[in-house]
file entry37.cif (mmCIF, C-alpha atoms and all ligand atoms)
data_work
loop_
_atom_site.label_atom_id
_atom_site.label_comp_id
_atom_site.auth_asym_id
_atom_site.auth_seq_id
_atom_site.Cartn_x
_atom_site.Cartn_y
_atom_site.Cartn_z
CA MET C 1 45.97 23.06 -35.82
CA THR C 2 49.31 22.20 -34.23
CA ARG C 3 49.93 24.14 -31.08
CA PRO C 4 53.26 25.98 -31.13
CA ALA C 5 55.37 26.59 -28.05
CA ALA C 6 55.51 30.26 -27.11
CA GLY C 7 58.19 31.99 -29.13
CA SER C 8 59.26 28.92 -31.10
CA GLY C 9 56.75 29.38 -33.90
CA HIS C 10 55.27 26.85 -36.31
CA GLY C 11 57.74 24.81 -38.33
CA GLY C 12 60.61 27.11 -37.45
CA VAL C 13 58.76 30.30 -38.43
CA ASP C 14 58.58 32.95 -35.72
CA LEU C 15 54.92 33.94 -35.64
CA ASN C 16 55.05 36.25 -32.62
CA THR C 17 53.59 39.70 -33.13
CA THR C 18 52.56 42.71 -31.10
CA VAL C 19 49.52 44.96 -31.24
CA GLY C 20 50.50 48.10 -29.35
CA SER C 21 51.62 46.97 -25.90
CA VAL C 22 50.08 43.50 -26.32
CA SER C 23 52.38 40.62 -27.30
CA LEU C 24 50.68 37.75 -29.09
CA LEU C 25 51.83 34.20 -29.78
CA ASN C 26 50.83 34.66 -33.41
CA PRO C 27 48.78 37.10 -35.51
CA VAL C 28 45.63 35.00 -36.04
CA MET C 29 42.51 35.66 -33.95
CA THR C 30 38.80 35.03 -34.13
CA ALA C 31 36.61 38.00 -35.16
CA SER C 32 34.05 39.35 -32.73
CA GLY C 33 30.57 37.87 -33.09
CA THR C 34 31.63 34.86 -35.12
CA ALA C 35 33.03 32.54 -32.45
CA GLY C 36 30.70 33.01 -29.47
CA TYR C 37 31.48 34.30 -26.00
CA GLY C 38 33.51 31.44 -24.64
CA THR C 39 34.79 28.03 -25.57
CA GLU C 40 32.27 27.28 -28.35
CA LEU C 41 35.08 26.58 -30.85
CA ALA C 42 37.16 24.47 -28.45
CA GLY C 43 36.10 21.21 -30.09
CA PHE C 44 37.55 22.38 -33.40
CA VAL C 45 40.49 24.63 -32.58
CA ASP C 46 43.10 24.76 -29.81
CA LEU C 47 42.05 28.09 -28.34
CA ALA C 48 45.34 28.46 -26.45
CA GLY C 49 47.24 28.25 -29.75
CA LEU C 50 45.47 31.24 -31.31
CA GLY C 51 46.80 34.78 -31.21
CA ALA C 52 43.61 35.65 -29.33
CA VAL C 53 39.96 34.79 -28.99
CA VAL C 54 37.93 37.96 -29.57
CA VAL C 55 34.49 37.47 -28.06
CA LYS C 56 31.18 38.79 -29.33
CA SER C 57 30.54 42.41 -28.35
CA LEU C 58 29.20 42.72 -24.81
CA GLY C 59 27.05 45.53 -23.51
CA ALA C 60 26.89 46.90 -19.98
CA ASP C 61 23.50 45.17 -19.67
CA PRO C 62 21.95 42.04 -21.22
CA TRP C 63 20.43 42.78 -24.63
CA PRO C 64 17.95 40.66 -26.66
CA GLY C 65 19.16 41.61 -30.16
CA ASN C 66 17.14 42.03 -33.35
CA ALA C 67 14.07 40.25 -34.72
CA PRO C 68 14.73 37.11 -36.81
CA PRO C 69 15.74 36.23 -39.46
CA ARG C 70 19.18 37.49 -38.49
CA VAL C 71 21.50 35.99 -41.08
CA HIS C 72 21.28 35.34 -44.81
CA SER C 73 23.92 34.04 -47.18
CA THR C 74 24.86 36.18 -50.17
CA THR C 75 26.81 35.48 -53.35
CA ALA C 76 30.20 35.96 -51.71
CA GLY C 77 29.52 36.20 -48.02
CA MET C 78 26.69 36.76 -45.59
CA LEU C 79 24.43 39.50 -44.34
CA ASN C 80 23.66 39.68 -40.62
CA SER C 81 21.66 41.79 -38.26
CA VAL C 82 22.13 39.92 -34.99
CA GLY C 83 21.72 43.25 -33.22
CA LEU C 84 24.38 42.67 -30.56
CA GLN C 85 22.35 40.19 -28.53
CA GLY C 86 24.27 39.26 -25.40
CA PRO C 87 24.36 38.52 -21.67
CA GLY C 88 26.16 41.71 -20.61
CA VAL C 89 29.68 42.03 -19.25
CA ALA C 90 28.97 40.95 -15.65
CA ALA C 91 27.30 37.65 -16.59
CA TRP C 92 30.04 36.97 -19.18
CA ARG C 93 32.76 37.49 -16.58
CA ARG C 94 30.95 35.12 -14.23
CA GLU C 95 29.91 32.39 -16.67
CA GLN C 96 32.09 32.40 -19.80
CA LEU C 97 35.42 34.04 -19.06
CA PRO C 98 36.51 31.42 -16.47
CA GLN C 99 36.12 28.69 -19.12
CA LEU C 100 38.14 30.67 -21.64
CA ALA C 101 40.85 31.32 -19.05
CA ALA C 102 40.90 27.64 -18.07
CA ALA C 103 41.35 26.72 -21.75
CA GLY C 104 44.48 28.87 -21.79
CA ALA C 105 43.05 31.33 -24.30
CA THR C 106 44.36 34.85 -24.73
CA VAL C 107 41.15 36.86 -24.67
CA VAL C 108 40.13 40.18 -26.19
CA ALA C 109 36.81 41.43 -24.79
CA SER C 110 34.69 43.41 -27.23
CA ILE C 111 32.24 46.00 -25.93
CA TRP C 112 29.45 48.03 -27.50
CA GLY C 113 26.98 50.74 -26.50
CA ARG C 114 24.37 53.18 -27.69
CA SER C 115 25.73 56.12 -25.74
CA VAL C 116 29.10 57.18 -24.35
CA ASP C 117 27.77 56.27 -20.91
CA ASP C 118 26.86 52.73 -22.08
CA TYR C 119 30.42 52.19 -23.29
CA ALA C 120 31.85 53.64 -20.07
CA ARG C 121 29.72 51.28 -17.96
CA ALA C 122 30.69 48.26 -20.08
CA ALA C 123 34.37 49.22 -19.77
CA GLU C 124 34.05 49.75 -16.03
CA ALA C 125 32.49 46.30 -15.66
CA LEU C 126 35.66 44.82 -17.23
CA ALA C 127 38.03 46.51 -14.77
CA GLY C 128 40.13 44.09 -12.73
CA CYS C 129 39.05 41.02 -14.68
CA ASP C 130 41.02 37.79 -15.19
CA PRO C 131 44.48 38.44 -16.72
CA ALA C 132 43.52 36.18 -19.64
CA VAL C 133 41.90 39.36 -21.00
CA VAL C 134 44.72 41.30 -22.65
CA ALA C 135 42.78 44.05 -24.44
CA VAL C 136 39.37 45.55 -25.04
CA GLU C 137 38.11 45.94 -28.59
CA VAL C 138 35.67 48.84 -28.66
CA ASN C 139 33.07 48.18 -31.36
CA LEU C 140 32.22 51.67 -32.63
CA SER C 141 29.87 50.49 -35.39
CA CYS C 142 26.86 51.10 -33.16
CA PRO C 143 23.98 53.58 -33.48
CA ASN C 144 24.71 56.73 -31.51
CA LEU C 145 21.57 57.53 -29.53
CA ASP C 146 23.34 60.55 -28.00
CA GLY C 147 22.84 62.27 -31.36
CA GLY C 148 25.28 63.18 -34.12
CA THR C 149 25.71 60.89 -37.10
CA HIS C 150 24.13 57.46 -37.38
CA LEU C 151 27.08 55.34 -36.21
CA PHE C 152 29.73 56.36 -33.68
CA ALA C 153 32.40 55.12 -36.10
CA HIS C 154 31.31 57.66 -38.72
CA ASP C 155 31.97 60.56 -36.38
CA ALA C 156 35.56 61.26 -35.31
CA GLU C 157 34.60 63.35 -32.32
CA ALA C 158 31.98 60.89 -30.97
CA SER C 159 34.39 57.98 -31.48
CA ALA C 160 37.09 59.83 -29.55
CA ARG C 161 34.68 60.49 -26.67
CA VAL C 162 33.88 56.77 -26.48
CA ILE C 163 37.55 55.79 -26.46
CA ALA C 164 38.34 58.32 -23.73
CA ALA C 165 35.40 57.04 -21.66
CA THR C 166 36.56 53.42 -21.87
CA GLU C 167 39.90 54.09 -20.17
CA VAL C 168 38.24 52.91 -16.94
CA ALA C 169 38.68 49.31 -18.14
CA GLY C 170 42.37 49.67 -17.29
CA LEU C 171 43.28 47.62 -20.38
CA PRO C 172 44.75 48.45 -23.80
CA ARG C 173 41.95 49.52 -26.13
CA TRP C 174 41.57 48.72 -29.83
CA ALA C 175 38.98 50.83 -31.68
CA LYS C 176 37.01 48.78 -34.20
CA LEU C 177 36.07 51.02 -37.10
CA SER C 178 33.52 50.98 -39.90
CA PRO C 179 34.31 50.79 -43.62
CA ASN C 180 31.10 52.72 -44.41
CA THR C 181 32.71 56.15 -44.27
CA ASP C 182 35.18 58.20 -46.29
CA ARG C 183 36.45 59.64 -42.97
CA LEU C 184 38.28 56.49 -41.89
CA VAL C 185 41.68 58.14 -41.48
CA GLU C 186 40.18 61.09 -39.62
CA VAL C 187 38.40 58.71 -37.23
CA ALA C 188 41.58 56.66 -36.78
CA VAL C 189 43.56 59.81 -35.91
CA ALA C 190 40.89 60.82 -33.38
CA VAL C 191 40.66 57.46 -31.60
CA ALA C 192 44.46 57.16 -31.42
CA ALA C 193 44.68 60.64 -29.88
CA ALA C 194 41.96 59.63 -27.39
CA GLY C 195 43.95 56.62 -26.18
CA ALA C 196 43.32 53.69 -28.53
CA GLU C 197 46.50 51.64 -28.91
CA ALA C 198 45.31 50.14 -32.19
CA VAL C 199 42.47 50.13 -34.69
CA THR C 200 40.65 47.04 -35.92
CA LEU C 201 39.70 47.39 -39.58
CA VAL C 202 36.95 46.63 -40.60
CA ASN C 203 33.47 45.90 -39.38
CA THR C 204 30.76 44.87 -41.86
CA LEU C 205 29.59 46.88 -44.88
CA LEU C 206 25.99 48.10 -44.77
CA GLY C 207 23.82 45.99 -47.08
CA MET C 208 20.36 44.63 -47.80
CA VAL C 209 18.83 41.63 -49.57
CA ILE C 210 15.21 41.76 -50.77
CA ASP C 211 13.04 38.67 -51.16
CA VAL C 212 11.47 39.35 -54.56
CA GLU C 213 8.49 37.04 -53.93
CA ARG C 214 7.51 38.75 -50.67
CA ARG C 215 8.84 42.11 -51.89
CA ARG C 216 10.35 42.68 -48.46
CA PRO C 217 13.90 42.65 -47.00
CA VAL C 218 14.88 39.13 -45.97
CA LEU C 219 16.31 40.15 -42.60
CA GLY C 220 13.99 40.95 -39.73
CA ALA C 221 15.76 44.26 -39.14
CA GLY C 222 15.63 45.24 -42.83
CA GLY C 223 19.26 45.99 -43.61
CA GLY C 224 22.30 44.28 -42.17
CA GLY C 225 26.07 43.99 -42.33
CA LEU C 226 27.83 42.29 -45.22
CA SER C 227 30.85 40.12 -44.43
CA GLY C 228 32.91 37.33 -45.96
CA PRO C 229 34.98 37.19 -49.17
CA ALA C 230 32.92 40.04 -50.70
CA VAL C 231 34.41 42.53 -48.22
CA HIS C 232 38.02 41.31 -48.32
CA PRO C 233 39.28 43.90 -50.84
CA VAL C 234 37.49 46.61 -48.83
CA ALA C 235 39.38 45.52 -45.71
CA VAL C 236 42.71 45.37 -47.56
CA ARG C 237 42.17 48.90 -48.90
CA ALA C 238 41.18 50.24 -45.47
CA VAL C 239 44.24 48.72 -43.81
CA HIS C 240 46.52 49.94 -46.62
CA THR C 241 45.16 53.49 -46.47
CA VAL C 242 45.33 53.82 -42.68
CA HIS C 243 48.84 52.29 -42.54
CA ARG C 244 50.03 54.65 -45.28
CA GLU C 245 48.69 57.71 -43.45
CA LEU C 246 49.45 56.54 -39.90
CA PRO C 247 52.37 54.10 -40.12
CA ASP C 248 52.93 54.05 -36.34
CA LEU C 249 49.35 53.07 -35.48
CA PRO C 250 49.02 49.29 -35.03
CA ILE C 251 46.22 47.73 -37.08
CA VAL C 252 44.28 44.49 -36.71
CA GLY C 253 42.95 43.52 -40.14
CA VAL C 254 39.61 41.75 -40.57
CA GLY C 255 37.33 41.09 -43.50
CA GLY C 256 36.84 38.00 -45.64
CA VAL C 257 39.88 36.07 -44.47
CA THR C 258 39.37 32.45 -45.53
CA SER C 259 42.91 31.43 -46.49
CA ALA C 260 46.50 32.03 -45.46
CA GLU C 261 46.97 34.20 -48.57
CA ASP C 262 44.11 36.47 -47.43
CA ALA C 263 45.86 36.89 -44.07
CA VAL C 264 49.20 37.60 -45.78
CA GLU C 265 47.50 40.29 -47.90
CA LEU C 266 46.24 42.11 -44.80
CA LEU C 267 49.68 41.86 -43.16
CA LEU C 268 51.36 43.24 -46.29
CA ALA C 269 48.80 46.07 -46.34
CA GLY C 270 49.95 47.04 -42.85
CA ALA C 271 48.11 44.90 -40.28
CA SER C 272 50.05 43.52 -37.31
CA ALA C 273 47.47 40.78 -36.80
CA VAL C 274 44.33 39.46 -38.50
CA GLN C 275 40.96 38.09 -37.52
CA VAL C 276 38.90 35.31 -39.10
CA GLY C 277 35.11 35.77 -38.95
CA THR C 278 32.53 34.57 -41.47
CA ALA C 279 34.77 31.71 -42.67
CA THR C 280 34.12 30.06 -39.30
CA PHE C 281 30.42 29.60 -40.11
CA ALA C 282 31.28 27.41 -43.12
CA ASP C 283 34.18 25.67 -41.38
CA PRO C 284 34.59 25.89 -37.60
CA ARG C 285 38.26 24.94 -38.07
CA ALA C 286 38.88 27.96 -40.35
CA VAL C 287 40.84 30.05 -37.86
CA GLY C 288 43.20 27.15 -37.10
CA ARG C 289 43.51 26.38 -40.82
CA VAL C 290 44.48 29.99 -41.56
CA LEU C 291 47.07 29.92 -38.77
CA ASP C 292 48.65 26.66 -39.97
CA GLY C 293 48.51 27.92 -43.56
CA LEU C 294 50.20 31.18 -42.62
CA ALA C 295 53.10 29.29 -41.05
CA SER C 296 53.43 27.08 -44.15
CA TRP C 297 53.22 30.11 -46.46
CA CYS C 298 56.02 31.82 -44.53
CA ALA C 299 58.16 28.67 -44.55
CA HIS C 300 57.70 28.23 -48.32
CA HIS C 301 58.49 31.88 -49.01
CA GLY C 302 61.59 32.03 -46.80
CA VAL C 303 59.90 34.36 -44.32
CA ALA C 304 61.63 33.70 -40.99
CA THR C 305 59.45 36.00 -38.90
CA VAL C 306 55.90 36.99 -39.68
CA ARG C 307 56.70 40.55 -38.60
CA GLU C 308 58.72 40.95 -41.82
CA LEU C 309 55.43 40.95 -43.72
CA ILE C 310 53.80 43.85 -41.89
CA GLY C 311 53.38 46.78 -44.27
CA GLY C 312 55.41 44.99 -46.95
CA ALA C 313 53.12 46.21 -49.76
CA HIS C 314 54.19 49.81 -49.14
CA GLU C 315 57.26 51.44 -50.68
C1 LIG T 1 27.06 37.03 -37.51
C2 LIG T 1 28.05 38.13 -37.26
C3 LIG T 1 28.06 38.77 -36.02
C4 LIG T 1 28.98 39.80 -35.78
N1 LIG T 1 28.98 40.39 -34.54
C5 LIG T 1 29.91 41.34 -34.27
C6 LIG T 1 30.01 41.91 -32.96
O1 LIG T 1 29.29 41.54 -32.03
N2 LIG T 1 30.94 42.87 -32.76
C7 LIG T 1 31.80 43.30 -33.75
O2 LIG T 1 32.63 44.17 -33.50
N3 LIG T 1 31.75 42.75 -34.99
C8 LIG T 1 30.84 41.79 -35.27
N4 LIG T 1 30.80 41.22 -36.51
C9 LIG T 1 31.76 41.68 -37.55
C10 LIG T 1 33.00 40.77 -37.62
O3 LIG T 1 33.71 40.75 -36.41
C11 LIG T 1 33.94 41.24 -38.77
O4 LIG T 1 34.38 42.55 -38.50
C12 LIG T 1 33.27 41.24 -40.12
O5 LIG T 1 32.34 40.19 -40.24
C13 LIG T 1 34.29 41.13 -41.28
O6 LIG T 1 35.06 39.97 -41.14
P1 LIG T 1 34.68 38.55 -41.85
O7 LIG T 1 34.42 38.86 -43.29
O8 LIG T 1 35.90 37.69 -41.64
O9 LIG T 1 33.47 38.03 -41.15
C14 LIG T 1 29.90 40.21 -36.79
C15 LIG T 1 29.88 39.53 -38.03
C16 LIG T 1 28.98 38.51 -38.27
C17 LIG T 1 29.02 37.82 -39.61
#
call {"tool": "encode", "arguments": {"input": "entry37.cif", "output": "structure tokens", "more": "lines below"}}
Ligand SMILES: Cc1cc2nc3c(=O)[nH]c(=O)nc-3n(C[C@H](O)[C@H](O)[C@H](O)COP(=O)(O)O)c2cc1C
result
Amino acid sequence: MTRPAAGSGHGGVDLNTTVGSVSLLNPVMTASGTAGYGTELAGFVDLAGLGAVVVKSLGADPWPGNAPPRVHSTTAGMLNSVGLQGPGVAAWRREQLPQLAAAGATVVASIWGRSVDDYARAAEALAGCDPAVVAVEVNLSCPNLDGGTHLFAHDAEASARVIAATEVAGLPRWAKLSPNTDRLVEVAVAVAAAGAEAVTLVNTLLGMVIDVERRRPVLGAGGGGLSGPAVHPVAVRAVHTVHRELPDLPIVGVGGVTSAEDAVELLLAGASAVQVGTATFADPRAVGRVLDGLASWCAHHGVATVRELIGGAHE
């Protein structure tokens, strides 16, 4: 990946974009949970040249995650049930964030919880952190132990309560939503009204693989989340639908991006930026490759500024 100078773009293409109040060097980021908590990818990608590094979701407290096995490859992607293992926000701020900041990365901190109070405590623990952190992505695809429906992201009212409670972070918030609901637009409306500057679409699709010899699910947790090329059309549809219904709500598109064309599709559907997740497991340079490819695609198609593409698939 060739590092562009701020504002000058790659090969003459202006790649700058904005997500709500956040200005980004370019629209290509890592996806939460697929690039570690810190500088794990630094040997493969110039972290400072990415739109942002989105770190794995952090809880208010350390959390051990699910029983192994936690990942399994599928025909067109992978199934995971990592279970949000992590060191907690305070340890991350102490041990990982300084390295990311020193690498010049633009950082988006992702947080998770099992109750509104968990999310509020995680958000509070981010308050006043290093200015390298430009936004908080609130992962709402988490079981709601306060009651209501299974996942926060399937419940507009619960999702809105979480977003309101995370204001204490003092940072722009992006609500990361689930594709496993037909109430996506309703949830997006609710989180925007509660203070989210943007929505990130989408998290994984619920799935399961069964080992036919053992006659048991292959993952330790039973089911898991499907990601990779298999979910790309689901992500494109989600972004397209939310942009059509809520054209003023900024969207970060994520799901099965492995090539520049995949990123362009999400931008045309209405995303202002994209994230690269599962592709990184097969190729740790994937996010840089997508960024370079996006610049080349724009140059070859006479696209002077990447912002021209946003929502271009709509009338
Ligand atoms: C192993 C693994 C761990 C993940 N962990 C998280 C996480 O901690 N928080 C989160 O919001 N999303 C998490 N995700 C979901 C991704 O960020 C992304 O939304 C999803 O995988 C779709 O994008 P992809 O097909 O490019 O991977 C995880 C995905 C994978 C494959």
call {"tool": "residues_near_ligand", "arguments": {"input": "entry37.cif", "ligand": "ligand LIG 1 (chain T)", "cutoff": "6 Å", "atoms": "all atoms listed in the file", "output": "ChimeraX atom specification"}}
result
/C:31-34,56-57,80,84,139,202-204,227-228,254-257,276-278
call {"tool": "residues_around", "arguments": {"input": "entry37.cif", "residues": "Gly312 of chain C", "least_positions_apart": "6", "cutoff": "12 Å", "atoms": "all atoms listed in the file", "output": "list of chain:residue names"}}
result
C:His240, C:His243, C:Arg244, C:Pro247, C:Val264, C:Glu265, C:Leu266, C:Leu267, C:Leu268, C:Ala269, C:Gly270, C:Ala271, C:Ser272, C:Val303, C:Val306
call {"tool": "residues_around", "arguments": {"input": "entry37.cif", "residues": "Pro69 of chain C", "least_positions_apart": "2", "cutoff": "7 Å", "atoms": "only C-alpha atoms", "output": "PyMOL selection string"}}
result
chain C and resi 67+71+219-220
call {"tool": "closest_residue", "arguments": {"input": "entry37.cif", "among": "C:Ala169, C:Val134, C:Ala122, C:Ala238", "to": "Ala52 of chain C", "atoms": "only C-alpha atoms"}}
result
C:Val134
call {"tool": "atom_distance", "arguments": {"input": "entry37.cif", "atom1": "atom CA of Cys129 of chain C", "atom2": "atom CA of Val187 of chain C"}}
result
28.7 Å
call {"tool": "closest_atom_pairs", "arguments": {"input": "entry37.cif", "of": "segment 128-237 of chain C", "to": "segment 96-102 of chain C", "cutoff": "10 Å", "atoms": "only C-alpha atoms", "output": "Markdown table"}}
result
| residue | atom | partner | partner_atom | distance |
| --- | --- | --- | --- | --- |
| C:Cys129 | CA | C:Leu97 | CA | 9.0 |
| C:Asp130 | CA | C:Ala101 | CA | 7.5 |
| C:Pro131 | CA | C:Ala101 | CA | 8.3 |
| C:Ala132 | CA | C:Ala101 | CA | 5.6 |
| C:Val133 | CA | C:Ala101 | CA | 8.3 |
call {"tool": "closest_atom_pairs", "arguments": {"input": "entry37.cif", "of": "segment 96-165 of chain C", "to": "segment 177-181 of chain C", "cutoff": "7 Å", "atoms": "only C-alpha atoms", "output": "JSON lines"}}
result
{"residue": "C:Leu140", "atom": "CA", "partner": "C:Leu177", "partner_atom": "CA", "distance": 5.9}
{"residue": "C:Ser141", "atom": "CA", "partner": "C:Ser178", "partner_atom": "CA", "distance": 5.8}
{"residue": "C:Ala153", "atom": "CA", "partner": "C:Leu177", "partner_atom": "CA", "distance": 5.6}
{"residue": "C:His154", "atom": "CA", "partner": "C:Thr181", "partner_atom": "CA", "distance": 5.9}
call {"tool": "residues_around", "arguments": {"input": "entry37.cif", "residues": "segment 13-21 of chain C", "least_positions_apart": "3", "cutoff": "8 Å", "atoms": "only C-alpha atoms", "output": "ChimeraX atom specification"}}
result
/C:7-10,24-27,172,197-198,249-252,272-273,295,298-299,303-307
call {"tool": "residues_around", "arguments": {"input": "entry37.cif", "residues": "Val242 of chain C", "least_positions_apart": "3", "cutoff": "8 Å", "atoms": "all atoms listed in the file", "output": "list in words"}}
result
Leu184, Val185, Ala188, Ala238, Val239, Glu245, Leu246 and Pro247 of chain C
call {"tool": "residues_around", "arguments": {"input": "entry37.cif", "residues": "Ala35 of chain C", "least_positions_apart": "2", "cutoff": "9 Å", "atoms": "all atoms listed in the file", "output": "PyMOL selection string"}}
result
chain C and resi 30-33+37-41+53-56+277+280-281+284
call {"tool": "atom_distance", "arguments": {"input": "entry37.cif", "atom1": "atom CA of Glu124 of chain C", "atom2": "atom CA of Ala91 of chain C"}}
result
13.9 Å
call {"tool": "closest_residue", "arguments": {"input": "entry37.cif", "among": "C:Gly36, C:Gly311, C:Pro143, C:Gly51", "to": "Val22 of chain C", "atoms": "all atoms listed in the file"}}
result
C:Gly51
call {"tool": "closest_residue", "arguments": {"input": "entry37.cif", "among": "C:Glu137, C:Asp248, C:Glu213, C:Glu95", "to": "Val189 of chain C", "atoms": "only C-alpha atoms"}}
result
C:Asp248
call {"tool": "closest_residue", "arguments": {"input": "entry37.cif", "among": "C:Ala156, C:Gly65, C:Val231, C:Trp297", "to": "Met78 of chain C", "atoms": "all atoms listed in the file"}}
result
C:Val231
call {"tool": "atom_distance", "arguments": {"input": "entry37.cif", "atom1": "atom CA of Val107 of chain C", "atom2": "atom CA of His232 of chain C"}}
result
24.3 Å
call {"tool": "residues_near_point", "arguments": {"input": "entry37.cif", "point": "(36.4, 46.7, -27.8)", "cutoff": "9 Å", "atoms": "all atoms listed in the file", "output": "list of chain:residue names"}}
result
C:Ser57, C:Leu58, C:Val108, C:Ala109, C:Ser110, C:Ile111, C:Trp112, C:Ala123, C:Ala135, C:Val136, C:Glu137, C:Val138, C:Asn139, C:Leu140, C:Thr166, C:Arg173, C:Trp174, C:Ala175, C:Lys176
call {"tool": "build_atoms", "arguments": {"input": "entry37.cif", "residues": "segment 240-251 of chain C", "atoms": "N, CA and C atoms", "output": "CSV table (one decimal), in the coordinates of the input"}}
result
chain,number,residue,atom,x,y,z
C,240,HIS,N,45.4,49.3,-45.8
C,240,HIS,CA,46.5,49.9,-46.6
C,240,HIS,C,46.5,51.4,-46.5
C,241,THR,N,45.3,52.0,-46.6
C,241,THR,CA,45.2,53.5,-46.5
C,241,THR,C,45.5,54.0,-45.1
C,242,VAL,N,45.0,53.3,-44.0
C,242,VAL,CA,45.3,53.8,-42.7
C,242,VAL,C,46.8,53.6,-42.4
C,243,HIS,N,47.4,52.5,-42.8
C,243,HIS,CA,48.8,52.3,-42.5
C,243,HIS,C,49.7,53.3,-43.3
C,244,ARG,N,49.3,53.7,-44.5
C,244,ARG,CA,50.0,54.6,-45.3
C,244,ARG,C,50.0,56.0,-44.6
C,245,GLU,N,48.8,56.4,-44.1
C,245,GLU,CA,48.7,57.7,-43.4
C,245,GLU,C,49.2,57.7,-42.0
C,246,LEU,N,49.1,56.6,-41.3
C,246,LEU,CA,49.4,56.5,-39.9
C,246,LEU,C,50.3,55.3,-39.6
C,247,PRO,N,51.6,55.3,-40.2
C,247,PRO,CA,52.4,54.1,-40.1
C,247,PRO,C,52.7,53.6,-38.7
C,248,ASP,N,52.6,54.5,-37.7
C,248,ASP,CA,52.9,54.0,-36.3
C,248,ASP,C,51.7,53.5,-35.6
C,249,LEU,N,50.5,53.6,-36.2
C,249,LEU,CA,49.4,53.1,-35.5
C,249,LEU,C,49.1,51.6,-35.8
C,250,PRO,N,49.2,50.7,-34.8
C,250,PRO,CA,49.0,49.3,-35.0
C,250,PRO,C,47.6,49.0,-35.5
C,251,ILE,N,47.5,48.1,-36.5
C,251,ILE,CA,46.2,47.7,-37.1
C,251,ILE,C,46.0,46.2,-37.0
